[in-house]
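**Student:** Quick one: structure below, then a few questions.
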Amino acid sequence: MNKKKYLICGFIGGNNTGDEIILQNIIKTIKKTEDNDCEFIITSFKPKETNFFTNEKSIYWDGISKKFIFGQKEIFNIIKEVDKVIIGGGGLLQDVHSVRTIPRYLSIALIAQFFNKPVFYLSLGIGPIENNALKHLTKLISNDLQFISVRDKYSLEYLRELGVTENNINITSDPAVMSSEFFKNTNDKSNNLDIKIGISIREFNFSENNLKSLANFINNIMSRKKEKYKFVLFPMNKKSDLEINKKLKSLINHKNNVVIYSDYKHPKDIINKISEMDIMISMRLHGLIVSASFGIPSIGLIYDKKITNFLSQINMEDYLIDLNNFNDSFILEKKFNELLNNYNDSTKKIKFNIKDCKKEFSSTIEEIVSFKTGESCSTTNQIKNIYKALIMLLPLILNKIK
């Protein structure tokens, strides 16, 4: 009997460790549910790297391009041979950075619909979408999907506002909540007298005032006499995050107590390193999710609703700081002291709530795995599919396809 084949399309090979962690957990959860009786093909910007990370087949896919329009056959042949297509997870359906982002993912869904293959959104973040054609396209393709799961209430409401009327939409957890299930922490904290604090920041929406406030916080904490503190800085994107982390370290007095963890080779390395922390301070969503997976309390630095959404999901919304209000170290010191004083209770609360998140995501995967291909999947009208393709090409043509 042939193994089931899944095609997974996400932001893979794009130097963002959070998305690589998402992929690791999707694959491992499906394999666990399928009793390893399955295989994967993954679209990626860096197929060789993705193959190394996952030991699964990977192909280059950058969405609709001249190469695609004038004879790209590989993706068609692959979609014809797979059983199910997964789009996700992460914030894929938005056009904040480029009008090519949404077509990159929805073109896969559309080709699958041409070949009558079941398509699933998995733990997606939706919006914002500014381009009207892309809004219409998202509505058309989403209404013909077999199953939609989004990562928060905001994304569900956004789909409804676009006119997505498919009833089979649920809110599920981010795949990274499963990290502690597959990547076990071997660090024995009981023999470690230092308090380890992880910090994950990004340059995007992080002002000079924010940087100075964070550096002052670290300097103030290090000046305490009662405990010894070690800080680990996590550039989740080695290219875009490294410089801001170097700037932060340059502002810290006791540099020997600060390490920039940038030499990791595999997503599991950064998961294991985060699991060694006692507290996490992060504006990177997956810094917060991975730490929560291991029951590690965290403070979220808000630059996007997704930070608020996640900490609210695990009932830790009291430990949120809006970057717009983060103009001195006092507010972070106050939250940090509260977290230390309530450390055991916070840890218990997170471990309790993250169990529900894991069950939620596992249940979503079970629905995808149990979906019967070829029976419940009705053929989409091909004239409608051609219309979708034309809508997809419109914003790309206007912005000159490269």
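Order determines the names: the first chain of the structure tokens is A, the second B, and so forth; residues in each chain are numbered 1 upward, and ligands are numbered 1 upward as they are shown.
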Please provide as a VMD selection string all residues within 7 Å of region 283-300 of chain A, with the sequence filter that same-chain residues fewer than 4 positions apart are discarded (counting only C-alpha atoms).
**Tutor:** chain A and resid 18 176 to 180 200 to 201 271 274 to 275 278 to 279 307 319 to 321 346 to 347 350 to 351 354
**Student:** Could you write those residues out with C-alpha atoms, as an mmCIF file, in the first residue's frame?
**Tutor:**
data_model
loop_
_atom_site.group_PDB
_atom_site.id
_atom_site.type_symbol
_atom_site.label_atom_id
_atom_site.label_comp_id
_atom_site.auth_asym_id
_atom_site.auth_seq_id
_atom_site.Cartn_x
_atom_site.Cartn_y
_atom_site.Cartn_z
ATOM 1 C CA GLY A 18 9.912 30.549 13.534
ATOM 2 C CA ALA A 176 5.062 25.432 17.661
ATOM 3 C CA VAL A 177 3.055 24.614 20.819
ATOM 4 C CA MET A 178 4.049 20.991 20.135
ATOM 5 C CA SER A 179 7.786 21.713 20.472
ATOM 6 C CA SER A 180 8.204 20.109 23.904
ATOM 7 C CA SER A 200 14.275 37.840 21.132
ATOM 8 C CA ILE A 201 13.861 41.160 19.317
ATOM 9 C CA ILE A 271 14.207 25.064 20.433
ATOM 10 C CA ILE A 274 15.088 28.289 24.502
ATOM 11 C CA SER A 275 14.057 25.329 26.655
ATOM 12 C CA ASP A 278 14.029 30.477 33.051
ATOM 13 C CA ILE A 279 12.244 33.509 31.575
ATOM 14 C CA ILE A 307 1.662 38.652 20.336
ATOM 15 C CA TYR A 319 2.721 40.197 30.968
ATOM 16 C CA LEU A 320 2.367 42.236 27.786
ATOM 17 C CA ILE A 321 4.156 45.502 26.979
ATOM 18 C CA SER A 346 2.853 31.333 36.329
ATOM 19 C CA THR A 347 4.664 28.141 35.376
ATOM 20 C CA ILE A 350 1.223 28.006 31.440
ATOM 21 C CA LYS A 351 1.665 24.230 31.664
ATOM 22 C CA ILE A 354 -0.538 24.822 26.906
#
**Student:** DSSP says strand (DSSP E) for which residues of region 85-322 of chain A? Put them as number ranges by chain?
**Tutor:** A: 85-93, 119-126, 147-150, 169-171, 195-200, 229-233, 258-260, 279-282, 298-302, 320-322
**Student:** Taking into account only C-alpha atoms, which residue in the set A:Leu124, A:Phe45, A:Phe182, A:Ile302 is nearest to Gln24 (chain A)?
**Tutor:**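 Smallest separation from Gln24 (chain A) among the options: A:Phe182.
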**Student:** Got a sec: who's within 9 Å of Glu203 (chain A), counting only C-alpha atoms, leaving out chain neighbours fewer than 6 positions off, as a PDB file with C-alpha atoms, in the first residue's frame?
**Tutor:**
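Final output, out.pdb:
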ATOM      1  CA  SER A 240      17.560  40.663   9.726  1.00  0.00           C
ATOM      2  CA  ASP A 241      17.789  40.225  13.524  1.00  0.00           C
ATOM      3  CA  LEU A 242      21.529  39.922  14.045  1.00  0.00           C
ATOM      4  CA  GLU A 243      22.411  43.608  13.751  1.00  0.00           C
ATOM      5  CA  ILE A 244      19.832  44.795  16.287  1.00  0.00           C
ATOM      6  CA  ASN A 245      21.060  42.150  18.743  1.00  0.00           C
TER       7      ASN A 245
END
**Student:** Which residue, A:Ile26, A:Leu7, A:Ile260, A:Leu156, has the smallest gap to Met236 (chain A) when you use only C-alpha atoms?
**Tutor:**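 Smallest distance to Met236 (chain A) is found for A:Ile260.
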**Student:** As a CSV table (one decimal) with N, CA and C atoms, in the first residue's frame, list the residues of region 257-297 of chain A assigned to helix (DSSP H, G or I) by DSSP on the backbone atoms of this structure.
**Tutor:**
chain,number,residue,atom,x,y,z
A,257,ASN,N,28.3,38.4,30.4
A,257,ASN,CA,27.1,37.7,30.9
A,257,ASN,C,26.0,37.7,29.8
A,267,PRO,N,16.7,24.1,13.3
A,267,PRO,CA,15.7,24.6,14.1
A,267,PRO,C,15.6,24.0,15.5
A,268,LYS,N,15.9,22.7,15.6
A,268,LYS,CA,15.9,22.0,16.9
A,268,LYS,C,16.9,22.6,17.9
A,269,ASP,N,18.0,23.2,17.3
A,269,ASP,CA,19.0,23.8,18.2
A,269,ASP,C,18.4,25.0,19.0
A,270,ILE,N,17.7,25.8,18.3
A,270,ILE,CA,17.2,27.0,19.0
A,270,ILE,C,16.0,26.6,19.9
A,271,ILE,N,15.3,25.6,19.5
A,271,ILE,CA,14.2,25.1,20.4
A,271,ILE,C,14.8,24.6,21.7
A,272,ASN,N,15.9,23.8,21.6
A,272,ASN,CA,16.6,23.2,22.8
A,272,ASN,C,17.2,24.3,23.6
A,273,LYS,N,17.7,25.4,23.0
A,273,LYS,CA,18.4,26.5,23.7
A,273,LYS,C,17.3,27.3,24.5
A,274,ILE,N,16.2,27.6,23.8
A,274,ILE,CA,15.1,28.3,24.5
A,274,ILE,C,14.6,27.5,25.7
A,285,LEU,N,7.1,36.0,17.9
A,285,LEU,CA,6.0,35.2,18.4
A,285,LEU,C,6.5,33.8,18.8
A,286,HIS,N,7.4,33.2,18.0
A,286,HIS,CA,7.8,31.8,18.2
A,286,HIS,C,8.8,31.7,19.4
A,287,GLY,N,9.4,32.8,19.8
A,287,GLY,CA,10.1,32.8,21.0
A,287,GLY,C,9.2,32.6,22.2
A,288,LEU,N,8.0,33.2,22.1
A,288,LEU,CA,7.0,33.1,23.2
A,288,LEU,C,6.4,31.7,23.2
A,289,ILE,N,6.0,31.2,22.0
A,289,ILE,CA,5.3,29.9,21.9
A,289,ILE,C,6.2,28.8,22.3
A,290,VAL,N,7.5,28.8,21.8
A,290,VAL,CA,8.4,27.7,22.2
A,290,VAL,C,8.6,27.7,23.7
A,291,SER,N,8.8,28.8,24.3
A,291,SER,CA,9.1,28.9,25.7
A,291,SER,C,7.8,28.4,26.5
A,292,ALA,N,6.6,28.8,26.0
A,292,ALA,CA,5.4,28.3,26.7
A,292,ALA,C,5.2,26.8,26.5
A,293,SER,N,5.7,26.3,25.4
A,293,SER,CA,5.5,24.8,25.2
A,293,SER,C,6.3,24.1,26.3
**Student:** In Å to one decimal, how far is CA of Leu145 (chain A) from CA of Asn385 (chain A)?
**Tutor:**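 Answer for the CA of Asn385 (chain A) to CA of Leu145 (chain A) separation: 12.5 Å.
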**Student:** Have a look at A:His136, A:Lys305, A:Lys184, A:His254 and name the one nearest to Val164 (chain A); count only C-alpha atoms.
**Tutor:** A:His136
**Student:** I want to know what sits within 9 Å of region 212-224 of chain A, based on only C-alpha atoms, with residues of the same chain fewer than 3 positions away left out; could you give that as a list in words?
**Tutor:**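 Residues meeting the cut-off are Ser207, Glu208, Asn209, Glu227, Lys228, Tyr229, Lys230, Phe231, Leu248, Lys249, Ser250, Leu251, Ile252, Asn253, His254, Asn257, Phe326, Asn327, Asp328, Ser329, Phe330, Leu332 and Glu333 of chain A.
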**Student:** Please save C-alpha atoms of the selected residues as a PDB file, in the first residue's frame.
**Tutor:**
ATOM      1  CA  SER A 207      12.771  52.003  17.956  1.00  0.00           C
ATOM      2  CA  GLU A 208      15.985  53.485  19.369  1.00  0.00           C
ATOM      3  CA  ASN A 209      14.036  54.320  22.550  1.00  0.00           C
ATOM      4  CA  GLU A 227      21.048  36.604  42.078  1.00  0.00           C
ATOM      5  CA  LYS A 228      23.307  36.015  39.099  1.00  0.00           C
ATOM      6  CA  TYR A 229      21.757  36.593  35.713  1.00  0.00           C
ATOM      7  CA  LYS A 230      22.748  35.314  32.287  1.00  0.00           C
ATOM      8  CA  PHE A 231      21.168  36.743  29.140  1.00  0.00           C
ATOM      9  CA  LEU A 248      21.779  45.740  22.135  1.00  0.00           C
ATOM     10  CA  LYS A 249      24.857  43.905  23.392  1.00  0.00           C
ATOM     11  CA  SER A 250      27.033  46.962  22.734  1.00  0.00           C
ATOM     12  CA  LEU A 251      24.874  48.946  25.193  1.00  0.00           C
ATOM     13  CA  ILE A 252      25.248  46.415  28.009  1.00  0.00           C
ATOM     14  CA  ASN A 253      27.859  46.960  30.729  1.00  0.00           C
ATOM     15  CA  HIS A 254      28.694  43.361  31.653  1.00  0.00           C
ATOM     16  CA  ASN A 257      27.066  37.720  30.872  1.00  0.00           C
ATOM     17  CA  PHE A 326       8.126  51.153  26.194  1.00  0.00           C
ATOM     18  CA  ASN A 327      10.144  54.366  26.612  1.00  0.00           C
ATOM     19  CA  ASP A 328      12.015  53.555  29.818  1.00  0.00           C
ATOM     20  CA  SER A 329      13.105  50.433  31.677  1.00  0.00           C
ATOM     21  CA  PHE A 330      10.650  50.856  34.578  1.00  0.00           C
ATOM     22  CA  LEU A 332       9.711  46.070  31.989  1.00  0.00           C
ATOM     23  CA  GLU A 333      11.354  45.896  35.413  1.00  0.00           C
TER      24      GLU A 333
END
**Student:** What is the distance between CA of Glu34 (chain A) and CA of Ser142 (chain A), in Å to one decimal?
**Tutor:** 26.0 Å
